[in-house]
Each structure stands twice: as structure tokens, then as C-alpha cells.
Amino acid sequence: MCRRGRPGILGAMDAQILDYAARRTPRYTSYPTAVQFGDGVDGATMAGWLAALDPAKALSLYLHVPFCRQICWYCACNMKLAAREAPLRAYARDLRREIADLAARLPGPMAVSHLHWGGGTPTALPLDEIARTMTELRRHLDLRPDAEVAFELDPRTFAPEMAPALADLGATRASLGVQEFDDKVQAAVNRIQPFPVVAKTVAALRGAGIQGINFDLIYGLPYQTTQTMGETIGKTVELRPDRIALFGYAHVPWMSKRQRKIPEEALPDTPARFDQAELAARLLCEAGYVRVGLDHFALPGDALAVAAQERRLVRNFQGYSDQGTEALIGLGATAI
């Protein structure tokens with residue numbers, strides 16, 4: 001639900017929340033968490049799980065592409081700079097082989113109702129490799145005509161002509177990494193992405209018939225304030241994405257070396273992060289968005305908001321989802 005209150009004024013309940021907010025815990029979307037992975041689950045275990053699936057039920061698939069055309073300093077994901085084309089094409093070939101291997105281990109030709117290309121930046125792959133991979137997937141599995149097919153995008157490296165190409169491949173949803181619109185914050189995290197660049201990408205996607213638009217926003221970034229957050233929410237509302245994920249920045253420079261480039265003295269403290277998150281949530285609710293769980297927001301008619309209202313919401317490593325399938329299977333290096 002949407003909380004009502006005055007930004008920057010902490011009550012007794014808020015103070016209790018801050019006590020928990022300051023503690024370091026695994027991100028809730030990381031499930032199982034990293035410490036739960038071990039040698040107890042191996043290839044034979046997974047093969048048994050796949051063989052035991054009900055062939056009459058649909059699957060959700062996640063295709064992971066751990067490459068980006070540009071490096072963002074806040075990112076702690078396992079990814080590599082796509083400096084050369086050869087490794088990208090080699091990776092796409094391996095991904096297609098993994099799809100074929102998966103299909104061979106399933107109890108039958110199963111249907112796929114949700115397909116999500118994530119990363120990294122999936123569109124760092126050459127478009128012809130994405131097309132070949134989609135063809136291979138359709139050859140081995142039954143990708144339903146009404147399936148949701150989503151791609152994560154980086155507006156900085158997304159050319160408008162890519163939109164109709166993705167639409168031709170069946171794309172119905174695109175998730176844009178926006179994070180923040182303030183120039184100083186963008187420079188501090190090495191993600192220069194002016195508002196017109198994002199607006200142009202959204203217009204190209206919608207013009208190609210890809211109507212489902214997601215934005216990822218982050219609070220707790222260096223030099224970020226409630227003022228910059230408020231302005232970012234205002235610009236976000238102007239573009240009216242269907243869904244918004246509002247994540248807190250996790251500063252873990254001992255795990256991600258690129259985060260060492262971020263000036264720690266510029267990071268907001270816990271109360272400031274709390275104020276930014278609360279302000280963003282309040283402004284989104286006032287703009288007509290429905291709060292879904294901890295940090296997701298959706299327009300009232302969106303499938304995510306409807307699933308929450310009807311108590312059909314599920315959670316996977318991407319956060320809250322309306323994907324009511326029996327299994328979500330990750331393909332590609334470091335996919336969960």
C-alpha cells in the first residue's frame with residue numbers, strides 16, 4: 001500500500017524501519033542467495049528436476065546475456081564489456097546449444113508462456129544472433145503465440161531501428177535501465193543518459209508495437225537527493241511506463257571492483273536513502289501507480305497490478321511477477 005507522510009520527518013515506526021534498513025542482508029530478489037549454492041546440487045540433480053516437470057504445464061524461460069556495450073560503475077552484476085563481436089557470436093552459439101540440451105531433457109515438447117532476455121544487455125548481441133536464437137527456441141519448444149517476450153535494454157546503446165526488429169521477433173515488453181535522470185548523479189556512476197535519449201527509445205518501442213514498458217530506477221546513488229529523485233519521478237511519470245522497479249543501490253566495492261570508482265563520501269546515509277525511497281513511492285502513487293510489494297509499481301490495468309489485487313503474485317529472482325508457471329528456467333552463463 002502507499003504510505004502517506006511528510007518526507008524527511010521520521011516517526012517512531014520509521015525509526016524502527018531505519019534500524020532494519022541499515023543492516024546488510026542478501027537482496028530479496030537473489031533467491032536462493034549466494035551462500036545457499038554449493039556442490040549438493042549438480043547436473044544430475046537438475047536433470048532429475050527437468051524430467052519430473054509436468055509436460056502439460058507451461059514454462060517461463062530466462063536467457064542471460066552477460067555483456068554490455070558500456071560499463072556502469074554502480075553495477076555489481078557478473079558481466080563483461082562487449083569490446084569485440086567474436087565472443088558475442090560464440091556466446092550466442094553456446095546459448096543455442098544449451099536450449100537444445102534443455103529441450104532434450106524435458107519430458108516432452110513443453111510450452112513457453114514467458115520469455116525474458118536479461119543481462120547485462122541482451123541487445124549487445126548482434127540482431128542476427130538474437131534472431132537465430134529465437135528460431136532455435138521455437139524449433140525445440142512451443143513458444144505460445146500470446147507469450148510475453150521481454151528484453152532488457154540500455155537506452156544509450158539502443159538504436160531506434162532495433163525496435164521493429166525486436167517486434168518482428170515477437171517482443172511484447174521492454175525493460176529500460178533508467179536509474180536517475182540527474183546529470184551529476186549520472187556522471188558519478190558513468191551512465192550518461194539524458195532524458196531525450198530515454199524518451200526517444202520509449203517512442204521507438206511503442207511505435208513498433210512494443211507496448212509493455214518497464215523502468216528500473218535506483219535510490220541511494222552518489223550525489224542523489226530527494227530533489228533529484230523527485231525530478232526523476234516527474235520525468236518518469238511523463239513517459240508513463242507500465243511498470244517501475246525502484247531498487248536501493250547496494251555499495252559492495254569488495255565484491256565489485258568497478259564500484260571503487262564511486263566516491264563513498266557522496267553516498268547518501270540511511271535516513272537519506274529512506275527519504276528518497278519514501279518520496280518516490282508517494283509521488284508514484286499520487287501519479288496513479290499501484291504499489292506492488294516492496295519496490296514495484298504498476299499502472300492499475302497492468303497484469304502485475306491485477307495479479308497483486310487477485311492474490312496471484314509470485315516472486316522470482318527478478319522480483320515480483322505475474323508468471324504463474326510451474327518452473328522458471330535460466331539459460332546462459334550465471335543465469336539463476
# chains A, B, ... in the order shown; residues from 1 in each chain; ligands from 1
>>> select_by_dssp(residues="range 37-246 of chain A", states="helix (DSSP H, G or I)", output="ChimeraX atom specification")
/A:43-51,85-105,122-124,127-140,155-157,162-168,183-188,195-207,226-239
>>> write_last_selection(atoms="C-alpha atoms", output="short mmCIF file (atom, residue, chain, number, x, y, z; two decimals), in the first residue's frame")
data_model
loop_
_atom_site.label_atom_id
_atom_site.label_comp_id
_atom_site.auth_asym_id
_atom_site.auth_seq_id
_atom_site.Cartn_x
_atom_site.Cartn_y
_atom_site.Cartn_z
CA GLY A 43 23.88 -31.55 -13.22
CA ALA A 44 22.29 -34.86 -12.32
CA THR A 45 20.03 -33.12 -9.80
CA MET A 46 18.90 -30.59 -12.39
CA ALA A 47 18.30 -33.34 -14.97
CA GLY A 48 16.01 -35.06 -12.48
CA TRP A 49 14.09 -31.87 -11.83
CA LEU A 50 13.62 -31.25 -15.56
CA ALA A 51 12.46 -34.81 -16.23
CA GLU A 85 32.00 -9.22 -31.83
CA ALA A 86 33.55 -12.71 -31.94
CA PRO A 87 32.92 -13.55 -28.24
CA LEU A 88 29.33 -12.36 -28.60
CA ARG A 89 28.66 -14.67 -31.51
CA ALA A 90 30.40 -17.57 -29.75
CA TYR A 91 28.23 -16.98 -26.68
CA ALA A 92 25.05 -16.94 -28.79
CA ARG A 93 26.05 -20.30 -30.32
CA ASP A 94 26.58 -21.75 -26.85
CA LEU A 95 23.20 -20.39 -25.75
CA ARG A 96 21.51 -22.15 -28.66
CA ARG A 97 23.25 -25.42 -27.77
CA GLU A 98 22.01 -25.04 -24.20
CA ILE A 99 18.45 -24.54 -25.45
CA ALA A 100 18.70 -27.77 -27.45
CA ASP A 101 20.15 -29.59 -24.43
CA LEU A 102 17.33 -28.32 -22.22
CA ALA A 103 14.68 -29.48 -24.67
CA ALA A 104 16.25 -32.96 -24.81
CA ARG A 105 15.98 -33.28 -21.02
CA PRO A 122 20.85 -8.68 -24.36
CA THR A 123 20.83 -6.30 -27.32
CA ALA A 124 24.62 -6.19 -27.11
CA LEU A 127 20.50 -8.85 -34.02
CA ASP A 128 21.04 -11.77 -36.40
CA GLU A 129 22.28 -13.87 -33.46
CA ILE A 130 19.20 -12.94 -31.42
CA ALA A 131 17.05 -13.95 -34.41
CA ARG A 132 18.83 -17.30 -34.77
CA THR A 133 18.39 -17.95 -31.06
CA MET A 134 14.67 -17.19 -31.23
CA THR A 135 14.36 -19.54 -34.22
CA GLU A 136 16.17 -22.30 -32.35
CA LEU A 137 13.98 -21.79 -29.30
CA ARG A 138 10.82 -22.06 -31.39
CA ARG A 139 12.20 -25.20 -33.06
CA HIS A 140 12.73 -27.02 -29.76
CA PRO A 155 18.81 3.33 -23.97
CA ARG A 156 22.36 4.65 -24.52
CA THR A 157 23.19 1.90 -26.99
CA MET A 162 16.23 -2.04 -33.43
CA ALA A 163 12.66 -1.63 -32.16
CA PRO A 164 10.83 -3.01 -35.24
CA ALA A 165 13.42 -5.80 -35.48
CA LEU A 166 12.65 -6.90 -31.91
CA ALA A 167 8.93 -6.59 -32.57
CA ASP A 168 9.29 -8.87 -35.60
CA ASP A 183 23.31 14.86 -14.76
CA LYS A 184 25.62 14.86 -11.73
CA VAL A 185 24.39 11.51 -10.48
CA GLN A 186 24.70 10.01 -13.95
CA ALA A 187 28.29 11.23 -14.27
CA ALA A 188 29.18 9.80 -10.85
CA PHE A 195 16.02 12.33 -20.72
CA PRO A 196 15.62 12.80 -24.53
CA VAL A 197 17.60 9.57 -25.11
CA VAL A 198 15.19 7.60 -22.94
CA ALA A 199 12.14 9.35 -24.41
CA LYS A 200 13.33 8.56 -27.96
CA THR A 201 13.78 4.88 -27.04
CA VAL A 202 10.30 4.67 -25.49
CA ALA A 203 8.75 6.31 -28.55
CA ALA A 204 10.56 3.90 -30.90
CA LEU A 205 9.41 0.86 -28.93
CA ARG A 206 5.79 1.97 -28.77
CA GLY A 207 5.87 2.96 -32.41
CA THR A 226 15.18 13.88 -2.56
CA GLN A 227 15.15 16.78 -5.02
CA THR A 228 16.86 14.81 -7.80
CA MET A 229 14.66 11.81 -7.02
CA GLY A 230 11.53 13.94 -7.21
CA GLU A 231 12.59 15.34 -10.57
CA THR A 232 13.38 11.84 -11.85
CA ILE A 233 9.95 10.59 -10.82
CA GLY A 234 8.36 13.58 -12.57
CA LYS A 235 10.13 12.76 -15.83
CA THR A 236 9.34 9.07 -15.43
CA VAL A 237 5.63 9.79 -14.99
CA GLU A 238 5.77 11.93 -18.13
CA LEU A 239 6.81 8.85 -20.15
#
>>> closest_atom_pairs(of="range 97-123 of chain A", to="range 141-147 of chain A", cutoff="6 Å", atoms="only C-alpha atoms", output="JSON lines")
{"residue": "A:Pro109", "atom": "CA", "partner": "A:Leu141", "partner_atom": "CA", "distance": 5.7}
{"residue": "A:Met110", "atom": "CA", "partner": "A:Leu141", "partner_atom": "CA", "distance": 5.9}
{"residue": "A:Ala111", "atom": "CA", "partner": "A:Asp142", "partner_atom": "CA", "distance": 4.4}
{"residue": "A:Val112", "atom": "CA", "partner": "A:Leu143", "partner_atom": "CA", "distance": 4.7}
{"residue": "A:Ser113", "atom": "CA", "partner": "A:Ala147", "partner_atom": "CA", "distance": 4.4}
{"residue": "A:His114", "atom": "CA", "partner": "A:Ala147", "partner_atom": "CA", "distance": 5.4}
>>> atom_distance(atom1="CA of Asp19 in chain A", atom2="CA of Thr270 in chain A")
9.1 Å
>>> residues_around(residues="range 76-78 of chain A", least_positions_apart="3", cutoff="10 Å", atoms="only C-alpha atoms", output="number ranges by chain")
A: 65-67, 72-73, 119-120, 249-253, 255-259, 333-335
>>> closest_residue(among="A:Ala174, A:Ile336, A:Leu221, A:Leu299", to="Glu265 in chain A", atoms="only C-alpha atoms")
A:Leu221
>>> select_by_dssp(residues="range 59-139 of chain A", states="strand (DSSP E or B)", output="list in words")
Leu59, Ser60, Leu61, Tyr62, Leu63, His64, Val65, Phe67, Cys68, Lys80, Leu81, Ala111, Val112, Ser113, His114, Leu115, His116, Trp117, Gly118 and Gly119 of chain A
>>> write_last_selection(atoms="C-alpha atoms", output="PDB file, in the first residue's frame")
ATOM      1  CA  LEU A  59       7.376 -22.814 -18.609  1.00  0.00           C
ATOM      2  CA  SER A  60       8.990 -19.432 -18.077  1.00  0.00           C
ATOM      3  CA  LEU A  61      12.455 -19.055 -19.587  1.00  0.00           C
ATOM      4  CA  TYR A  62      15.178 -16.551 -18.756  1.00  0.00           C
ATOM      5  CA  LEU A  63      18.012 -16.110 -21.293  1.00  0.00           C
ATOM      6  CA  HIS A  64      21.016 -14.391 -19.729  1.00  0.00           C
ATOM      7  CA  VAL A  65      23.483 -12.334 -21.776  1.00  0.00           C
ATOM      8  CA  PHE A  67      27.699  -8.496 -21.909  1.00  0.00           C
ATOM      9  CA  CYS A  68      27.295  -4.714 -22.065  1.00  0.00           C
ATOM     10  CA  LYS A  80      31.880  -8.289 -19.419  1.00  0.00           C
ATOM     11  CA  LEU A  81      32.460  -5.377 -21.799  1.00  0.00           C
ATOM     12  CA  ALA A 111       5.004 -24.731 -23.991  1.00  0.00           C
ATOM     13  CA  VAL A 112       6.639 -21.431 -23.009  1.00  0.00           C
ATOM     14  CA  SER A 113       4.352 -18.622 -21.848  1.00  0.00           C
ATOM     15  CA  HIS A 114       7.017 -16.145 -20.665  1.00  0.00           C
ATOM     16  CA  LEU A 115      10.433 -15.457 -22.167  1.00  0.00           C
ATOM     17  CA  HIS A 116      12.761 -12.861 -20.690  1.00  0.00           C
ATOM     18  CA  TRP A 117      16.068 -11.799 -22.222  1.00  0.00           C
ATOM     19  CA  GLY A 118      18.173 -10.332 -19.402  1.00  0.00           C
ATOM     20  CA  GLY A 119      21.715  -9.326 -18.684  1.00  0.00           C
TER      21      GLY A 119
END
>>> atom_distance(atom1="CA of Pro241 in chain A", atom2="CA of Leu176 in chain A")
9.6 Å
>>> atom_distance(atom1="CA of Leu313 in chain A", atom2="CA of His296 in chain A")
11.8 Å
>>> closest_residue(among="A:Glu326, A:Ile262, A:Ile210, A:Val292", to="Glu310 in chain A", atoms="only C-alpha atoms")
A:Val292
>>> decode(residues="range 254-300 of chain A", atoms="N, CA and C atoms", output="PDB file, in the first residue's frame")
ATOM      1  N   TRP A 254      33.963  -4.366  -2.294  1.00  0.00           N
ATOM      2  CA  TRP A 254      34.823  -5.528  -2.076  1.00  0.00           C
ATOM      3  C   TRP A 254      34.419  -6.691  -2.982  1.00  0.00           C
ATOM      4  N   MET A 255      33.228  -6.625  -3.545  1.00  0.00           N
ATOM      5  CA  MET A 255      32.765  -7.649  -4.480  1.00  0.00           C
ATOM      6  C   MET A 255      32.833  -7.168  -5.927  1.00  0.00           C
ATOM      7  N   SER A 256      32.570  -5.891  -6.135  1.00  0.00           N
ATOM      8  CA  SER A 256      32.558  -5.314  -7.478  1.00  0.00           C
ATOM      9  C   SER A 256      33.612  -4.213  -7.561  1.00  0.00           C
ATOM     10  N   LYS A 257      34.703  -4.493  -8.237  1.00  0.00           N
ATOM     11  CA  LYS A 257      35.808  -3.535  -8.299  1.00  0.00           C
ATOM     12  C   LYS A 257      35.404  -2.233  -8.973  1.00  0.00           C
ATOM     13  N   ARG A 258      34.463  -2.298  -9.924  1.00  0.00           N
ATOM     14  CA  ARG A 258      34.091  -1.071 -10.627  1.00  0.00           C
ATOM     15  C   ARG A 258      33.411  -0.081  -9.685  1.00  0.00           C
ATOM     16  N   GLN A 259      32.817  -0.567  -8.603  1.00  0.00           N
ATOM     17  CA  GLN A 259      32.180   0.338  -7.650  1.00  0.00           C
ATOM     18  C   GLN A 259      33.205   1.170  -6.869  1.00  0.00           C
ATOM     19  N   ARG A 260      34.469   0.797  -6.912  1.00  0.00           N
ATOM     20  CA  ARG A 260      35.500   1.568  -6.227  1.00  0.00           C
ATOM     21  C   ARG A 260      35.713   2.932  -6.868  1.00  0.00           C
ATOM     22  N   LYS A 261      35.204   3.107  -8.063  1.00  0.00           N
ATOM     23  CA  LYS A 261      35.288   4.400  -8.729  1.00  0.00           C
ATOM     24  C   LYS A 261      34.254   5.397  -8.203  1.00  0.00           C
ATOM     25  N   ILE A 262      33.310   4.911  -7.425  1.00  0.00           N
ATOM     26  CA  ILE A 262      32.266   5.774  -6.872  1.00  0.00           C
ATOM     27  C   ILE A 262      32.765   6.396  -5.571  1.00  0.00           C
ATOM     28  N   PRO A 263      32.690   7.725  -5.431  1.00  0.00           N
ATOM     29  CA  PRO A 263      33.130   8.373  -4.190  1.00  0.00           C
ATOM     30  C   PRO A 263      32.190   8.048  -3.026  1.00  0.00           C
ATOM     31  N   GLU A 264      32.696   7.332  -2.051  1.00  0.00           N
ATOM     32  CA  GLU A 264      31.834   6.894  -0.952  1.00  0.00           C
ATOM     33  C   GLU A 264      31.284   8.065  -0.151  1.00  0.00           C
ATOM     34  N   GLU A 265      32.049   9.162  -0.069  1.00  0.00           N
ATOM     35  CA  GLU A 265      31.573  10.314   0.697  1.00  0.00           C
ATOM     36  C   GLU A 265      30.355  10.967   0.048  1.00  0.00           C
ATOM     37  N   ALA A 266      30.094  10.645  -1.223  1.00  0.00           N
ATOM     38  CA  ALA A 266      28.947  11.221  -1.926  1.00  0.00           C
ATOM     39  C   ALA A 266      27.682  10.375  -1.777  1.00  0.00           C
ATOM     40  N   LEU A 267      27.814   9.214  -1.130  1.00  0.00           N
ATOM     41  CA  LEU A 267      26.660   8.340  -0.980  1.00  0.00           C
ATOM     42  C   LEU A 267      25.745   8.848   0.136  1.00  0.00           C
ATOM     43  N   PRO A 268      24.442   8.871  -0.071  1.00  0.00           N
ATOM     44  CA  PRO A 268      23.518   9.296   0.984  1.00  0.00           C
ATOM     45  C   PRO A 268      23.511   8.284   2.133  1.00  0.00           C
ATOM     46  N   ASP A 269      23.294   8.778   3.363  1.00  0.00           N
ATOM     47  CA  ASP A 269      23.253   7.876   4.508  1.00  0.00           C
ATOM     48  C   ASP A 269      21.892   7.170   4.566  1.00  0.00           C
ATOM     49  N   THR A 270      21.714   6.318   5.555  1.00  0.00           N
ATOM     50  CA  THR A 270      20.491   5.512   5.633  1.00  0.00           C
ATOM     51  C   THR A 270      19.224   6.361   5.726  1.00  0.00           C
ATOM     52  N   PRO A 271      19.152   7.392   6.603  1.00  0.00           N
ATOM     53  CA  PRO A 271      17.930   8.210   6.614  1.00  0.00           C
ATOM     54  C   PRO A 271      17.656   8.887   5.278  1.00  0.00           C
ATOM     55  N   ALA A 272      18.725   9.335   4.594  1.00  0.00           N
ATOM     56  CA  ALA A 272      18.532   9.988   3.293  1.00  0.00           C
ATOM     57  C   ALA A 272      18.010   8.990   2.259  1.00  0.00           C
ATOM     58  N   ARG A 273      18.550   7.779   2.270  1.00  0.00           N
ATOM     59  CA  ARG A 273      18.061   6.738   1.358  1.00  0.00           C
ATOM     60  C   ARG A 273      16.579   6.458   1.628  1.00  0.00           C
ATOM     61  N   PHE A 274      16.234   6.381   2.901  1.00  0.00           N
ATOM     62  CA  PHE A 274      14.851   6.126   3.298  1.00  0.00           C
ATOM     63  C   PHE A 274      13.940   7.225   2.762  1.00  0.00           C
ATOM     64  N   ASP A 275      14.362   8.472   2.914  1.00  0.00           N
ATOM     65  CA  ASP A 275      13.556   9.597   2.437  1.00  0.00           C
ATOM     66  C   ASP A 275      13.371   9.537   0.919  1.00  0.00           C
ATOM     67  N   GLN A 276      14.450   9.178   0.205  1.00  0.00           N
ATOM     68  CA  GLN A 276      14.355   9.086  -1.249  1.00  0.00           C
ATOM     69  C   GLN A 276      13.358   8.009  -1.669  1.00  0.00           C
ATOM     70  N   ALA A 277      13.431   6.858  -1.014  1.00  0.00           N
ATOM     71  CA  ALA A 277      12.528   5.760  -1.360  1.00  0.00           C
ATOM     72  C   ALA A 277      11.080   6.121  -1.044  1.00  0.00           C
ATOM     73  N   GLU A 278      10.857   6.745   0.120  1.00  0.00           N
ATOM     74  CA  GLU A 278       9.504   7.109   0.517  1.00  0.00           C
ATOM     75  C   GLU A 278       8.919   8.181  -0.395  1.00  0.00           C
ATOM     76  N   LEU A 279       9.751   9.158  -0.758  1.00  0.00           N
ATOM     77  CA  LEU A 279       9.278  10.213  -1.646  1.00  0.00           C
ATOM     78  C   LEU A 279       8.896   9.638  -3.008  1.00  0.00           C
ATOM     79  N   ALA A 280       9.763   8.773  -3.555  1.00  0.00           N
ATOM     80  CA  ALA A 280       9.479   8.177  -4.854  1.00  0.00           C
ATOM     81  C   ALA A 280       8.180   7.389  -4.819  1.00  0.00           C
ATOM     82  N   ALA A 281       7.996   6.609  -3.760  1.00  0.00           N
ATOM     83  CA  ALA A 281       6.778   5.810  -3.649  1.00  0.00           C
ATOM     84  C   ALA A 281       5.540   6.699  -3.566  1.00  0.00           C
ATOM     85  N   ARG A 282       5.642   7.759  -2.774  1.00  0.00           N
ATOM     86  CA  ARG A 282       4.486   8.653  -2.622  1.00  0.00           C
ATOM     87  C   ARG A 282       4.133   9.331  -3.945  1.00  0.00           C
ATOM     88  N   LEU A 283       5.138   9.816  -4.652  1.00  0.00           N
ATOM     89  CA  LEU A 283       4.889  10.507  -5.913  1.00  0.00           C
ATOM     90  C   LEU A 283       4.322   9.567  -6.973  1.00  0.00           C
ATOM     91  N   LEU A 284       4.815   8.345  -6.993  1.00  0.00           N
ATOM     92  CA  LEU A 284       4.289   7.377  -7.964  1.00  0.00           C
ATOM     93  C   LEU A 284       2.833   7.036  -7.659  1.00  0.00           C
ATOM     94  N   CYS A 285       2.512   6.875  -6.385  1.00  0.00           N
ATOM     95  CA  CYS A 285       1.130   6.584  -6.012  1.00  0.00           C
ATOM     96  C   CYS A 285       0.222   7.755  -6.361  1.00  0.00           C
ATOM     97  N   GLU A 286       0.710   8.974  -6.124  1.00  0.00           N
ATOM     98  CA  GLU A 286      -0.088  10.154  -6.460  1.00  0.00           C
ATOM     99  C   GLU A 286      -0.296  10.284  -7.970  1.00  0.00           C
ATOM    100  N   ALA A 287       0.640   9.699  -8.739  1.00  0.00           N
ATOM    101  CA  ALA A 287       0.522   9.745 -10.201  1.00  0.00           C
ATOM    102  C   ALA A 287      -0.355   8.626 -10.742  1.00  0.00           C
ATOM    103  N   GLY A 288      -0.912   7.810  -9.845  1.00  0.00           N
ATOM    104  CA  GLY A 288      -1.839   6.776 -10.289  1.00  0.00           C
ATOM    105  C   GLY A 288      -1.288   5.376 -10.341  1.00  0.00           C
ATOM    106  N   TYR A 289      -0.041   5.182  -9.904  1.00  0.00           N
ATOM    107  CA  TYR A 289       0.537   3.841  -9.903  1.00  0.00           C
ATOM    108  C   TYR A 289       0.100   3.077  -8.656  1.00  0.00           C
ATOM    109  N   VAL A 290       0.024   1.771  -8.785  1.00  0.00           N
ATOM    110  CA  VAL A 290      -0.307   0.885  -7.676  1.00  0.00           C
ATOM    111  C   VAL A 290       0.989   0.309  -7.125  1.00  0.00           C
ATOM    112  N   ARG A 291       1.153   0.361  -5.810  1.00  0.00           N
ATOM    113  CA  ARG A 291       2.353  -0.206  -5.202  1.00  0.00           C
ATOM    114  C   ARG A 291       2.205  -1.719  -5.104  1.00  0.00           C
ATOM    115  N   VAL A 292       3.175  -2.432  -5.651  1.00  0.00           N
ATOM    116  CA  VAL A 292       3.162  -3.895  -5.658  1.00  0.00           C
ATOM    117  C   VAL A 292       4.338  -4.375  -4.814  1.00  0.00           C
ATOM    118  N   GLY A 293       4.049  -4.908  -3.643  1.00  0.00           N
ATOM    119  CA  GLY A 293       5.118  -5.412  -2.794  1.00  0.00           C
ATOM    120  C   GLY A 293       6.021  -4.308  -2.289  1.00  0.00           C
ATOM    121  N   LEU A 294       7.298  -4.630  -2.107  1.00  0.00           N
ATOM    122  CA  LEU A 294       8.256  -3.705  -1.509  1.00  0.00           C
ATOM    123  C   LEU A 294       8.648  -2.563  -2.427  1.00  0.00           C
ATOM    124  N   ASP A 295       8.884  -2.866  -3.683  1.00  0.00           N
ATOM    125  CA  ASP A 295       9.552  -1.876  -4.527  1.00  0.00           C
ATOM    126  C   ASP A 295       9.123  -1.892  -5.983  1.00  0.00           C
ATOM    127  N   HIS A 296       7.975  -2.458  -6.280  1.00  0.00           N
ATOM    128  CA  HIS A 296       7.459  -2.442  -7.636  1.00  0.00           C
ATOM    129  C   HIS A 296       6.205  -1.576  -7.685  1.00  0.00           C
ATOM    130  N   PHE A 297       5.991  -0.966  -8.832  1.00  0.00           N
ATOM    131  CA  PHE A 297       4.826  -0.116  -9.052  1.00  0.00           C
ATOM    132  C   PHE A 297       4.302  -0.410 -10.454  1.00  0.00           C
ATOM    133  N   ALA A 298       2.982  -0.367 -10.607  1.00  0.00           N
ATOM    134  CA  ALA A 298       2.396  -0.657 -11.914  1.00  0.00           C
ATOM    135  C   ALA A 298       1.121   0.148 -12.092  1.00  0.00           C
ATOM    136  N   LEU A 299       0.801   0.443 -13.335  1.00  0.00           N
ATOM    137  CA  LEU A 299      -0.471   1.096 -13.626  1.00  0.00           C
ATOM    138  C   LEU A 299      -1.606   0.137 -13.273  1.00  0.00           C
ATOM    139  N   PRO A 300      -2.756   0.635 -12.860  1.00  0.00           N
ATOM    140  CA  PRO A 300      -3.840  -0.224 -12.351  1.00  0.00           C
ATOM    141  C   PRO A 300      -4.245  -1.355 -13.288  1.00  0.00           C
TER     142      PRO A 300
END
